[in-house]
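This is structure13.tsv (TSV, C-alpha atoms).
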chain	number	residue	atom	x	y	z
A	1	MET	CA	-12.63	23.96	-2.57
A	2	THR	CA	-13.27	25.05	-6.16
A	3	ALA	CA	-13.27	22.22	-8.69
A	4	PRO	CA	-10.56	22.44	-11.37
A	5	ILE	CA	-11.78	23.93	-14.65
A	6	SER	CA	-11.17	22.02	-17.85
A	7	PRO	CA	-8.38	23.66	-19.87
A	8	TYR	CA	-10.47	22.81	-22.94
A	9	GLN	CA	-13.74	24.38	-21.81
A	10	PRO	CA	-13.23	27.68	-23.69
A	11	ARG	CA	-12.85	25.75	-26.94
A	12	LEU	CA	-15.83	23.53	-26.18
A	13	ASP	CA	-17.95	26.59	-25.46
A	14	GLN	CA	-17.38	27.70	-29.06
A	15	ILE	CA	-18.74	24.42	-30.48
A	16	ALA	CA	-22.49	23.94	-30.86
A	17	THR	CA	-23.53	21.03	-28.62
A	18	ARG	CA	-26.81	19.16	-28.54
A	19	ARG	CA	-27.90	16.30	-26.30
A	20	GLY	CA	-29.98	13.55	-27.87
A	21	GLU	CA	-31.49	10.19	-26.99
A	22	VAL	CA	-32.36	7.06	-28.91
A	23	THR	CA	-34.05	3.92	-27.66
A	24	LEU	CA	-32.31	0.70	-28.60
A	25	GLU	CA	-33.73	-2.66	-27.56
A	26	GLY	CA	-35.93	-0.92	-25.04
A	27	ALA	CA	-33.14	1.02	-23.32
A	28	ARG	CA	-32.34	4.73	-23.52
A	29	THR	CA	-28.98	5.74	-24.98
A	30	ALA	CA	-27.92	9.33	-24.34
A	31	TYR	CA	-25.52	10.97	-26.76
A	32	TRP	CA	-23.94	14.34	-27.45
A	33	GLU	CA	-23.64	15.91	-30.87
A	34	TYR	CA	-20.97	18.53	-31.50
A	35	GLY	CA	-20.53	20.87	-34.43
A	36	ASP	CA	-22.30	21.30	-37.75
A	37	ARG	CA	-24.25	18.32	-39.10
A	38	ASP	CA	-23.27	19.45	-42.61
A	39	ALA	CA	-19.53	19.32	-41.86
A	40	ALA	CA	-17.33	17.39	-44.26
A	41	VAL	CA	-16.36	14.84	-41.60
A	42	THR	CA	-18.63	12.97	-39.18
A	43	MET	CA	-16.94	11.07	-36.35
A	44	VAL	CA	-18.43	8.76	-33.74
A	45	PHE	CA	-16.45	8.66	-30.47
A	46	VAL	CA	-16.72	5.66	-28.12
A	47	HIS	CA	-15.30	6.15	-24.63
A	48	GLY	CA	-13.49	3.75	-22.31
A	49	PHE	CA	-14.42	1.57	-19.36
A	50	ARG	CA	-16.38	3.27	-16.55
A	51	GLY	CA	-16.12	6.64	-18.24
A	52	ASP	CA	-18.66	8.55	-20.28
A	53	HIS	CA	-18.63	11.05	-23.15
A	54	HIS	CA	-16.93	13.72	-21.03
A	55	GLY	CA	-13.62	11.86	-21.19
A	56	LEU	CA	-13.28	12.43	-24.93
A	57	GLU	CA	-14.33	16.09	-24.92
A	58	PRO	CA	-10.70	17.30	-24.80
A	59	ILE	CA	-10.26	15.69	-28.24
A	60	VAL	CA	-13.65	16.99	-29.39
A	61	ALA	CA	-12.45	20.49	-28.50
A	62	GLN	CA	-9.72	20.22	-31.14
A	63	PHE	CA	-12.26	19.75	-33.96
A	64	PRO	CA	-14.52	22.82	-34.20
A	65	ASP	CA	-14.97	22.17	-37.91
A	66	ALA	CA	-16.13	18.54	-37.62
A	67	HIS	CA	-19.40	16.81	-36.76
A	68	ILE	CA	-18.83	14.53	-33.75
A	69	ILE	CA	-21.28	12.24	-31.98
A	70	ALA	CA	-20.34	10.77	-28.60
A	71	PRO	CA	-22.71	8.40	-26.79
A	72	ASP	CA	-22.54	7.19	-23.22
A	73	LEU	CA	-22.12	3.41	-23.32
A	74	PRO	CA	-25.14	1.39	-22.09
A	75	GLY	CA	-25.13	1.32	-18.30
A	76	PHE	CA	-22.71	4.25	-17.98
A	77	GLY	CA	-23.13	8.00	-17.71
A	78	GLU	CA	-26.69	8.94	-18.62
A	79	SER	CA	-27.41	5.84	-20.71
A	80	ALA	CA	-29.60	3.12	-19.27
A	81	ALA	CA	-28.40	-0.45	-18.91
A	82	PHE	CA	-29.70	-3.09	-21.29
A	83	VAL	CA	-33.24	-4.14	-20.44
A	84	SER	CA	-32.32	-7.76	-21.06
A	85	GLY	CA	-29.12	-9.57	-21.93
A	86	ARG	CA	-25.60	-9.09	-20.68
A	87	HIS	CA	-23.24	-6.21	-21.28
A	88	ASP	CA	-20.88	-8.53	-23.14
A	89	ILE	CA	-19.08	-8.13	-26.45
A	90	GLU	CA	-22.07	-9.38	-28.45
A	91	GLY	CA	-24.41	-6.99	-26.66
A	92	TYR	CA	-22.12	-4.00	-27.16
A	93	VAL	CA	-21.57	-4.78	-30.85
A	94	ARG	CA	-25.31	-5.12	-31.42
A	95	TRP	CA	-25.88	-1.85	-29.57
A	96	LEU	CA	-23.15	0.09	-31.42
A	97	ARG	CA	-24.31	-1.04	-34.84
A	98	GLY	CA	-27.89	-0.15	-33.91
A	99	PHE	CA	-26.83	3.23	-32.55
A	100	ILE	CA	-24.93	4.24	-35.68
A	101	ALA	CA	-27.80	3.04	-37.88
A	102	ALA	CA	-30.24	5.15	-35.83
A	103	LEU	CA	-28.20	8.28	-36.61
A	104	ASN	CA	-29.21	8.03	-40.29
A	105	LEU	CA	-25.87	9.35	-41.52
A	106	ASP	CA	-25.38	10.00	-45.22
A	107	ALA	CA	-22.12	8.05	-45.32
A	108	PRO	CA	-20.11	5.71	-43.07
A	109	PRO	CA	-18.50	7.76	-40.29
A	110	VAL	CA	-15.01	7.87	-38.93
A	111	ILE	CA	-15.18	5.78	-35.75
A	112	LEU	CA	-12.87	6.43	-32.79
A	113	GLY	CA	-12.57	4.16	-29.78
A	114	HIS	CA	-10.51	4.85	-26.68
A	115	SER	CA	-9.19	1.99	-24.50
A	116	PHE	CA	-12.17	-0.30	-23.79
A	117	GLY	CA	-13.92	1.52	-26.60
A	118	SER	CA	-11.16	0.34	-28.96
A	119	ILE	CA	-12.24	-3.25	-28.33
A	120	LEU	CA	-15.91	-2.50	-28.92
A	121	VAL	CA	-15.47	-0.57	-32.16
A	122	SER	CA	-12.99	-3.11	-33.51
A	123	ALA	CA	-15.42	-5.95	-32.79
A	124	ALA	CA	-18.21	-3.99	-34.50
A	125	VAL	CA	-16.14	-3.25	-37.61
A	126	ALA	CA	-15.05	-6.90	-37.76
A	127	ASP	CA	-18.75	-7.78	-37.58
A	128	GLY	CA	-19.49	-5.64	-40.63
A	129	GLN	CA	-20.11	-2.13	-39.28
A	130	PRO	CA	-19.42	0.32	-42.15
A	131	VAL	CA	-16.67	2.83	-41.36
A	132	SER	CA	-14.60	5.23	-43.44
A	133	THR	CA	-11.57	5.28	-41.13
A	134	LEU	CA	-11.01	3.49	-37.82
A	135	ILE	CA	-9.08	5.34	-35.10
A	136	LEU	CA	-7.97	3.57	-31.92
A	137	VAL	CA	-6.58	5.68	-29.07
A	138	ASN	CA	-4.71	3.78	-26.34
A	139	PRO	CA	-5.86	0.57	-28.04
A	140	ILE	CA	-6.01	-2.61	-25.98
A	141	ALA	CA	-3.73	-4.48	-28.34
A	142	ALA	CA	-3.20	-7.59	-26.20
A	143	PRO	CA	-4.87	-9.22	-23.18
A	144	ALA	CA	-4.94	-6.74	-20.29
A	145	LEU	CA	-3.53	-9.32	-17.88
A	146	SER	CA	-0.34	-9.45	-19.97
A	147	GLY	CA	0.29	-5.70	-19.84
A	148	PRO	CA	3.43	-4.02	-18.45
A	149	ARG	CA	1.72	-3.74	-15.07
A	150	GLY	CA	-0.38	-6.87	-15.23
A	151	ILE	CA	-0.26	-7.11	-11.45
A	152	LEU	CA	-2.51	-4.04	-11.29
A	153	THR	CA	-5.00	-5.74	-13.58
A	154	ARG	CA	-4.95	-8.80	-11.33
A	155	LEU	CA	-5.65	-6.56	-8.37
A	156	ALA	CA	-8.53	-5.08	-10.35
A	157	VAL	CA	-9.85	-8.59	-10.99
A	158	PHE	CA	-9.89	-9.19	-7.24
A	159	TYR	CA	-11.51	-5.80	-6.63
A	160	TYR	CA	-14.35	-6.51	-9.07
A	161	TRP	CA	-14.73	-10.03	-7.74
A	162	ALA	CA	-15.21	-8.56	-4.25
A	163	GLY	CA	-17.65	-6.00	-5.63
A	164	LYS	CA	-19.68	-8.81	-7.17
A	165	THR	CA	-19.67	-11.27	-4.25
A	166	LEU	CA	-20.23	-8.92	-1.31
A	167	PRO	CA	-23.81	-8.16	-0.26
A	168	GLU	CA	-25.34	-5.75	-2.77
A	169	GLY	CA	-25.08	-2.59	-0.68
A	170	MET	CA	-21.48	-3.24	0.34
A	171	GLY	CA	-20.48	-4.36	-3.15
A	172	PHE	CA	-22.03	-1.31	-4.77
A	173	ALA	CA	-20.27	0.98	-2.28
A	174	LEU	CA	-16.94	-0.71	-2.97
A	175	LEU	CA	-17.34	-0.34	-6.73
A	176	ARG	CA	-18.06	3.37	-6.27
A	177	SER	CA	-15.29	3.94	-3.72
A	178	ARG	CA	-13.72	7.38	-4.22
A	179	ILE	CA	-10.52	6.06	-2.63
A	180	ILE	CA	-10.16	3.32	-5.25
A	181	THR	CA	-10.99	5.80	-7.99
A	182	ARG	CA	-8.29	8.19	-6.79
A	183	VAL	CA	-5.66	5.43	-6.48
A	184	SER	CA	-6.46	4.34	-10.03
A	185	SER	CA	-6.28	7.91	-11.29
A	186	ILE	CA	-2.92	8.51	-9.62
A	187	ALA	CA	-1.53	5.32	-11.14
A	188	MET	CA	-2.65	6.21	-14.68
A	189	ALA	CA	-1.68	9.90	-14.79
A	190	LYS	CA	1.87	10.49	-16.02
A	191	THR	CA	1.92	14.28	-16.32
A	192	LYS	CA	4.04	16.19	-13.81
A	193	ASP	CA	1.89	19.30	-14.13
A	194	PRO	CA	0.06	19.63	-10.77
A	195	GLU	CA	-2.86	21.56	-12.28
A	196	ARG	CA	-3.35	18.98	-15.02
A	197	ARG	CA	-3.14	16.13	-12.49
A	198	ALA	CA	-5.71	17.84	-10.24
A	199	TRP	CA	-8.07	18.24	-13.21
A	200	ILE	CA	-7.64	14.59	-14.25
A	201	HIS	CA	-8.39	13.40	-10.72
A	202	ASP	CA	-11.46	15.63	-10.60
A	203	GLN	CA	-12.68	14.21	-13.91
A	204	HIS	CA	-12.37	10.68	-12.57
A	205	ASP	CA	-14.09	11.67	-9.31
A	206	ARG	CA	-16.99	13.16	-11.26
A	207	TYR	CA	-17.57	10.53	-13.92
A	208	PHE	CA	-15.81	7.26	-13.08
A	209	SER	CA	-18.63	5.97	-10.88
A	210	ALA	CA	-21.61	6.97	-13.01
A	211	PHE	CA	-22.78	3.46	-13.81
A	212	ALA	CA	-26.31	2.11	-13.63
A	213	ASP	CA	-25.92	-1.01	-11.55
A	214	ARG	CA	-23.54	-3.66	-10.33
A	215	ALA	CA	-24.37	-6.18	-13.05
A	216	SER	CA	-23.59	-3.85	-15.96
A	217	VAL	CA	-20.21	-2.73	-14.62
A	218	MET	CA	-19.24	-6.31	-13.78
A	219	ASP	CA	-20.16	-7.51	-17.27
A	220	ALA	CA	-18.21	-4.65	-18.81
A	221	PHE	CA	-15.13	-5.40	-16.72
A	222	ASP	CA	-15.29	-9.07	-17.67
A	223	THR	CA	-15.48	-8.04	-21.33
A	224	SER	CA	-12.52	-5.68	-20.91
A	225	VAL	CA	-10.19	-8.43	-19.68
A	226	ARG	CA	-11.44	-11.24	-21.92
A	227	TYR	CA	-11.15	-9.42	-25.24
A	228	ASP	CA	-8.67	-7.21	-27.06
A	229	VAL	CA	-8.30	-5.65	-30.50
A	230	SER	CA	-5.85	-8.30	-31.75
A	231	GLN	CA	-8.67	-10.86	-31.71
A	232	TYR	CA	-10.46	-8.92	-34.45
A	233	ALA	CA	-7.49	-7.57	-36.41
A	234	ASN	CA	-7.62	-10.06	-39.29
A	235	ARG	CA	-11.26	-9.13	-39.95
A	236	ILE	CA	-10.72	-5.37	-40.08
A	237	PRO	CA	-10.24	-4.41	-43.75
A	238	VAL	CA	-10.30	-0.61	-43.39
A	239	ARG	CA	-7.59	1.96	-42.90
A	240	THR	CA	-6.76	2.09	-39.17
A	241	LEU	CA	-4.85	4.70	-37.18
A	242	LEU	CA	-3.39	3.47	-33.89
A	243	ILE	CA	-2.47	6.22	-31.42
A	244	ALA	CA	-0.46	4.56	-28.67
A	245	ALA	CA	1.41	5.83	-25.62
A	246	GLU	CA	5.04	5.31	-24.75
A	247	ASN	CA	4.28	4.64	-21.07
A	248	ASP	CA	0.93	2.86	-21.27
A	249	ASP	CA	0.60	0.48	-18.33
A	250	ILE	CA	-2.01	-1.66	-20.06
A	251	THR	CA	-0.48	-2.31	-23.50
A	252	SER	CA	3.23	-2.01	-24.28
A	253	VAL	CA	4.56	-0.42	-27.46
A	254	PRO	CA	5.93	-3.76	-28.78
A	255	LYS	CA	2.41	-5.21	-28.52
A	256	GLN	CA	1.06	-2.18	-30.39
A	257	ARG	CA	3.57	-2.88	-33.17
A	258	GLU	CA	2.43	-6.50	-33.30
A	259	LEU	CA	-1.18	-5.32	-33.61
A	260	ALA	CA	-0.30	-2.95	-36.44
A	261	GLU	CA	1.28	-5.83	-38.35
A	262	LYS	CA	-1.90	-7.91	-37.99
A	263	LEU	CA	-4.14	-5.22	-39.48
A	264	ALA	CA	-4.65	-4.99	-43.22
A	265	ASP	CA	-3.87	-1.28	-43.48
A	266	ALA	CA	-2.56	0.31	-40.29
A	267	ARG	CA	-0.48	3.28	-39.23
A	268	LEU	CA	0.95	3.30	-35.70
A	269	GLU	CA	1.90	6.55	-33.96
A	270	VAL	CA	3.38	6.58	-30.45
A	271	ILE	CA	3.06	9.70	-28.30
A	272	PRO	CA	6.06	9.98	-25.93
A	273	GLU	CA	5.97	10.58	-22.18
A	274	VAL	CA	2.30	9.76	-21.75
A	275	GLY	CA	0.40	6.74	-20.48
A	276	HIS	CA	-3.15	5.47	-20.75
A	277	LEU	CA	-4.68	8.95	-20.56
A	278	ILE	CA	-3.85	10.38	-23.98
A	279	HIS	CA	-7.35	11.90	-24.09
A	280	TYR	CA	-6.61	13.95	-20.97
A	281	GLU	CA	-2.87	14.57	-21.18
A	282	THR	CA	-2.10	14.98	-24.89
A	283	PRO	CA	-5.37	15.51	-26.80
A	284	GLU	CA	-3.74	18.14	-29.01
A	285	GLN	CA	-1.16	15.64	-30.27
A	286	ALA	CA	-3.83	12.99	-30.78
A	287	ALA	CA	-6.00	15.43	-32.74
A	288	ALA	CA	-3.06	16.45	-34.93
A	289	LEU	CA	-2.46	12.79	-35.82
A	290	ILE	CA	-6.15	12.31	-36.57
A	291	ARG	CA	-6.24	15.39	-38.82
A	292	ASP	CA	-3.18	14.17	-40.67
A	293	GLU	CA	-4.75	10.75	-41.17
A	294	LEU	CA	-8.04	12.15	-42.43
A	295	GLY	CA	-6.18	14.41	-44.81
A	296	ARG	CA	-4.42	11.51	-46.52
Write out the structure in this file as structure tokens.
Amino acid sequence: MTAPISPYQPRLDQIATRRGEVTLEGARTAYWEYGDRDAAVTMVFVHGFRGDHHGLEPIVAQFPDAHIIAPDLPGFGESAAFVSGRHDIEGYVRWLRGFIAALNLDAPPVILGHSFGSILVSAAVADGQPVSTLILVNPIAAPALSGPRGILTRLAVFYYWAGKTLPEGMGFALLRSRIITRVSSIAMAKTKDPERRAWIHDQHDRYFSAFADRASVMDAFDTSVRYDVSQYANRIPVRTLLIAAENDDITSVPKQRELAEKLADARLEVIPEVGHLIHYETPEQAAALIRDELGR
């Protein structure tokens, strides 16, 4: 059976793309650079839990005139896990600040974080990371266990607990189970378009299990349920665009409004009839909101 083709591939093919690597604290970080380095806008994209840079390429495809840099998080995709230390919030913040510094940019970039990435970039900015504009897509605005479908998160807690406590081979196999990946993908996708759903499922099949080892994915999951953007909101002084989803199963719209009120300078936009996969289902709408924000 032929794998579904990304509806955004023709646009991506028109954008110059380069793969790069930097070594941070002894570990290799792989990243992808899109567009012209001399473009007026440089953006750094940080993907969500268990994904890699591919997940944000549908948004990248909407910005042929920008300079975008998208790393794979440590321990995911093609990036190595930390040589020492846990993949906790402190480790990720240290890594992200080091990564952006290693890029030697002429000015603070726009920083975009999706889902789990929204927690990491918010923590980094609260810690002092320079940024021109902060953009959070499907932000985790409140504890994941309190979300509209918190029961699913509790099931995920049990799933990762089993993955951690089973013998290594069995635990690793469970964490990479294609069945679990597909069930998760079906639950998150809201589009009724069968071709779009098939492509989303294929994306998750391809990239959702590309993690280095059991320890790194367990640490990352623990971080994803222990922290949320609201914990850092009062220390984020910069202009922030929140792009939320009407039917997000992880964070409700009322919680997104509460988050916006906690931030010093925030604009909240809610995309209707979509859930936690804005980057796959409505990247055009997200990009339009980003362009509007950067043009202000």
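Pairwise distance (atom CA of Trp95 of chain A, atom CA of Leu24 of chain A) equals 7.0 Å.
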Find the smallest box with edges along x, y and z containing every listed atom of segment 270-283 of chain A, then add 5 Å on each side and report centre and edge lengths in Å to one decimal, as lines of an AutoDock Vina configuration file.
center_x = -0.6
center_y = 10.5
center_z = -25.5
size_x = 23.4
size_y = 20.0
size_z = 20.0
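Residues within 8 Å of segment 85-88 of chain A, counting only C-alpha atoms and excluding same-chain residues fewer than 4 positions away, are Pro74, Tyr92, Ser216, Asp219, Ala220, Asp222 and Thr223 of chain A.
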- Query: So which one's closest to Leu175 of chain A, A:Pro139, A:Gly275, A:Gly163, A:Pro58? Using only C-alpha atoms, please.
  - Reply: A:Gly163
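Between Met218 of chain A and the candidates A:Ser177, A:Gln14, A:Gln9, A:Thr165, the tightest atom-to-atom separation, counting only C-alpha atoms, involves A:Thr165.
The space separating atom CA of Ala288 of chain A from atom CA of Leu96 of chain A comes to 26.1 Å.
For the set A:Leu136, A:Leu289, A:Ala102, A:Leu155, the residue with the smallest atom-to-atom gap to Ile119 of chain A is A:Leu136, counting all atoms listed in the file.
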- Item | Residues within 12 Å of segment 232-238 of chain A, only C-alpha atoms, excluding chain neighbours under 2 positions, as number ranges by chain | A: 89, 108, 110-111, 118-135, 139-142, 227-230, 240-241, 256, 258-267
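We find atom CA of His204 of chain A and atom CA of Phe99 of chain A to be spaced 25.8 Å apart.
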- Message: I'd like the neighbourhood of Tyr34 of chain A as a list of chain:residue names, where a residue qualifies if any of its atoms comes within 8 Å (using only C-alpha atoms), though same-chain residues fewer than 5 positions away should be ignored.
- Response: A:Ile15, A:Ala16, A:Thr17, A:Arg18, A:Val60, A:Ala66, A:His67, A:Ile68, A:Ile69
- Would you list the contacts of Asp65 of chain A as a PyMOL selection string, taking every protein, DNA or RNA residue within 8 Å and counting all atoms listed in the file, but skipping same-chain residues closer than 5 positions in sequence? chain A and resi 35-36+39
Can you write just those residues out, C-alpha atoms, as a CSV table (one decimal), keeping the file's coordinate frame?
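That gives us selection.csv:
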chain,number,residue,atom,x,y,z
A,35,GLY,CA,-20.5,20.9,-34.4
A,36,ASP,CA,-22.3,21.3,-37.8
A,39,ALA,CA,-19.5,19.3,-41.9
- Query: Counting all atoms listed in the file, what is within 7 Å of His114 of chain A, bar same-chain residues fewer than 6 positions away, as a list in words?
  - Reply: Val46, His47, Gly48, Leu136, Val137, Asn138 and Pro139 of chain A
- Please, which residues are within 8 Å of (-24.7, -4.2, -7.1) by the file's coordinates, counting all atoms listed in the file, and could they come as a PyMOL selection string? chain A and resi 163-164+167-169+171-172+213-215
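With distances taken over all atoms listed in the file, A:Gln203 is the one residue among A:Thr29, A:Ser252, A:Gln203, A:Gln285 lying closest to Ala189 of chain A.
Distance annotation: of A:Arg176, A:Arg28, A:Lys190, A:Arg19, the residue with the minimal separation from Arg206 of chain A is A:Arg176; atom set is all atoms listed in the file.
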- Closest of A:Ala286, A:Ile179, A:Ala70, A:Leu268 to Phe45 of chain A, counting only C-alpha atoms, is A:Ala70
- Message: Counting all atoms listed in the file, which residues have an atom no more than 7 Å from (-21.1, 15.4, -21.2) in the file's coordinates? Please list them as an NGL selection string.
- Response: :A and (32 or 53-54)
How would segment 282-292 of chain A read, as a PDB file, in the frame of the given file, once all heavy atoms are built in?
ATOM      1  N   THR A 282      -2.641  14.500 -23.606  1.00  0.00           N
ATOM      2  CA  THR A 282      -2.100  14.980 -24.890  1.00  0.00           C
ATOM      3  C   THR A 282      -3.165  14.957 -25.991  1.00  0.00           C
ATOM      4  O   THR A 282      -2.926  14.432 -27.082  1.00  0.00           O
ATOM      5  CB  THR A 282      -0.881  14.137 -25.321  1.00  0.00           C
ATOM      6  OG1 THR A 282      -1.281  12.751 -25.404  1.00  0.00           O
ATOM      7  CG2 THR A 282       0.279  14.285 -24.367  1.00  0.00           C
ATOM      8  N   PRO A 283      -4.344  15.533 -25.752  1.00  0.00           N
ATOM      9  CA  PRO A 283      -5.370  15.510 -26.800  1.00  0.00           C
ATOM     10  C   PRO A 283      -4.989  16.310 -28.037  1.00  0.00           C
ATOM     11  O   PRO A 283      -5.431  15.994 -29.145  1.00  0.00           O
ATOM     12  CB  PRO A 283      -6.603  16.103 -26.101  1.00  0.00           C
ATOM     13  CG  PRO A 283      -6.042  16.969 -25.020  1.00  0.00           C
ATOM     14  CD  PRO A 283      -4.814  16.242 -24.545  1.00  0.00           C
ATOM     15  N   GLU A 284      -4.164  17.350 -27.854  1.00  0.00           N
ATOM     16  CA  GLU A 284      -3.740  18.140 -29.010  1.00  0.00           C
ATOM     17  C   GLU A 284      -2.916  17.290 -29.977  1.00  0.00           C
ATOM     18  O   GLU A 284      -3.125  17.331 -31.194  1.00  0.00           O
ATOM     19  CB  GLU A 284      -2.914  19.356 -28.564  1.00  0.00           C
ATOM     20  CG  GLU A 284      -3.666  20.341 -27.686  1.00  0.00           C
ATOM     21  CD  GLU A 284      -3.508  20.041 -26.192  1.00  0.00           C
ATOM     22  OE1 GLU A 284      -3.072  18.921 -25.849  1.00  0.00           O
ATOM     23  OE2 GLU A 284      -3.840  20.919 -25.386  1.00  0.00           O
ATOM     24  N   GLN A 285      -1.983  16.501 -29.418  1.00  0.00           N
ATOM     25  CA  GLN A 285      -1.160  15.640 -30.270  1.00  0.00           C
ATOM     26  C   GLN A 285      -2.009  14.568 -30.942  1.00  0.00           C
ATOM     27  O   GLN A 285      -1.815  14.260 -32.129  1.00  0.00           O
ATOM     28  CB  GLN A 285      -0.052  14.985 -29.443  1.00  0.00           C
ATOM     29  CG  GLN A 285       1.018  15.952 -28.957  1.00  0.00           C
ATOM     30  CD  GLN A 285       0.738  16.491 -27.567  1.00  0.00           C
ATOM     31  OE1 GLN A 285      -0.405  16.845 -27.244  1.00  0.00           O
ATOM     32  NE2 GLN A 285       1.764  16.574 -26.763  1.00  0.00           N
ATOM     33  N   ALA A 286      -2.948  13.999 -30.191  1.00  0.00           N
ATOM     34  CA  ALA A 286      -3.830  12.990 -30.780  1.00  0.00           C
ATOM     35  C   ALA A 286      -4.644  13.584 -31.917  1.00  0.00           C
ATOM     36  O   ALA A 286      -4.779  12.979 -32.993  1.00  0.00           O
ATOM     37  CB  ALA A 286      -4.756  12.414 -29.704  1.00  0.00           C
ATOM     38  N   ALA A 287      -5.180  14.788 -31.708  1.00  0.00           N
ATOM     39  CA  ALA A 287      -6.000  15.430 -32.740  1.00  0.00           C
ATOM     40  C   ALA A 287      -5.164  15.743 -33.985  1.00  0.00           C
ATOM     41  O   ALA A 287      -5.649  15.607 -35.115  1.00  0.00           O
ATOM     42  CB  ALA A 287      -6.624  16.710 -32.193  1.00  0.00           C
ATOM     43  N   ALA A 288      -3.923  16.154 -33.792  1.00  0.00           N
ATOM     44  CA  ALA A 288      -3.060  16.450 -34.930  1.00  0.00           C
ATOM     45  C   ALA A 288      -2.827  15.189 -35.771  1.00  0.00           C
ATOM     46  O   ALA A 288      -2.828  15.243 -37.015  1.00  0.00           O
ATOM     47  CB  ALA A 288      -1.728  17.016 -34.457  1.00  0.00           C
ATOM     48  N   LEU A 289      -2.643  14.052 -35.112  1.00  0.00           N
ATOM     49  CA  LEU A 289      -2.460  12.790 -35.820  1.00  0.00           C
ATOM     50  C   LEU A 289      -3.728  12.389 -36.568  1.00  0.00           C
ATOM     51  O   LEU A 289      -3.677  11.894 -37.697  1.00  0.00           O
ATOM     52  CB  LEU A 289      -2.056  11.695 -34.843  1.00  0.00           C
ATOM     53  CG  LEU A 289      -0.667  11.847 -34.204  1.00  0.00           C
ATOM     54  CD1 LEU A 289      -0.483  10.841 -33.071  1.00  0.00           C
ATOM     55  CD2 LEU A 289       0.428  11.683 -35.249  1.00  0.00           C
ATOM     56  N   ILE A 290      -4.875  12.625 -35.934  1.00  0.00           N
ATOM     57  CA  ILE A 290      -6.150  12.310 -36.570  1.00  0.00           C
ATOM     58  C   ILE A 290      -6.360  13.184 -37.804  1.00  0.00           C
ATOM     59  O   ILE A 290      -6.743  12.699 -38.872  1.00  0.00           O
ATOM     60  CB  ILE A 290      -7.313  12.473 -35.570  1.00  0.00           C
ATOM     61  CG1 ILE A 290      -7.192  11.434 -34.444  1.00  0.00           C
ATOM     62  CG2 ILE A 290      -8.667  12.345 -36.290  1.00  0.00           C
ATOM     63  CD1 ILE A 290      -8.107  11.693 -33.266  1.00  0.00           C
ATOM     64  N   ARG A 291      -6.084  14.483 -37.681  1.00  0.00           N
ATOM     65  CA  ARG A 291      -6.240  15.390 -38.820  1.00  0.00           C
ATOM     66  C   ARG A 291      -5.330  14.967 -39.974  1.00  0.00           C
ATOM     67  O   ARG A 291      -5.750  14.968 -41.146  1.00  0.00           O
ATOM     68  CB  ARG A 291      -5.904  16.820 -38.409  1.00  0.00           C
ATOM     69  CG  ARG A 291      -6.992  17.512 -37.611  1.00  0.00           C
ATOM     70  CD  ARG A 291      -6.672  18.988 -37.449  1.00  0.00           C
ATOM     71  NE  ARG A 291      -7.725  19.652 -36.694  1.00  0.00           N
ATOM     72  CZ  ARG A 291      -8.872  20.048 -37.222  1.00  0.00           C
ATOM     73  NH1 ARG A 291      -9.106  19.852 -38.508  1.00  0.00           N
ATOM     74  NH2 ARG A 291      -9.781  20.657 -36.478  1.00  0.00           N
ATOM     75  N   ASP A 292      -4.117  14.598 -39.635  1.00  0.00           N
ATOM     76  CA  ASP A 292      -3.180  14.170 -40.670  1.00  0.00           C
ATOM     77  C   ASP A 292      -3.687  12.924 -41.372  1.00  0.00           C
ATOM     78  O   ASP A 292      -3.631  12.805 -42.600  1.00  0.00           O
ATOM     79  CB  ASP A 292      -1.826  13.902 -40.038  1.00  0.00           C
ATOM     80  CG  ASP A 292      -0.796  13.433 -41.053  1.00  0.00           C
ATOM     81  OD1 ASP A 292      -0.450  14.212 -41.952  1.00  0.00           O
ATOM     82  OD2 ASP A 292      -0.351  12.271 -40.964  1.00  0.00           O
TER      83      ASP A 292
END
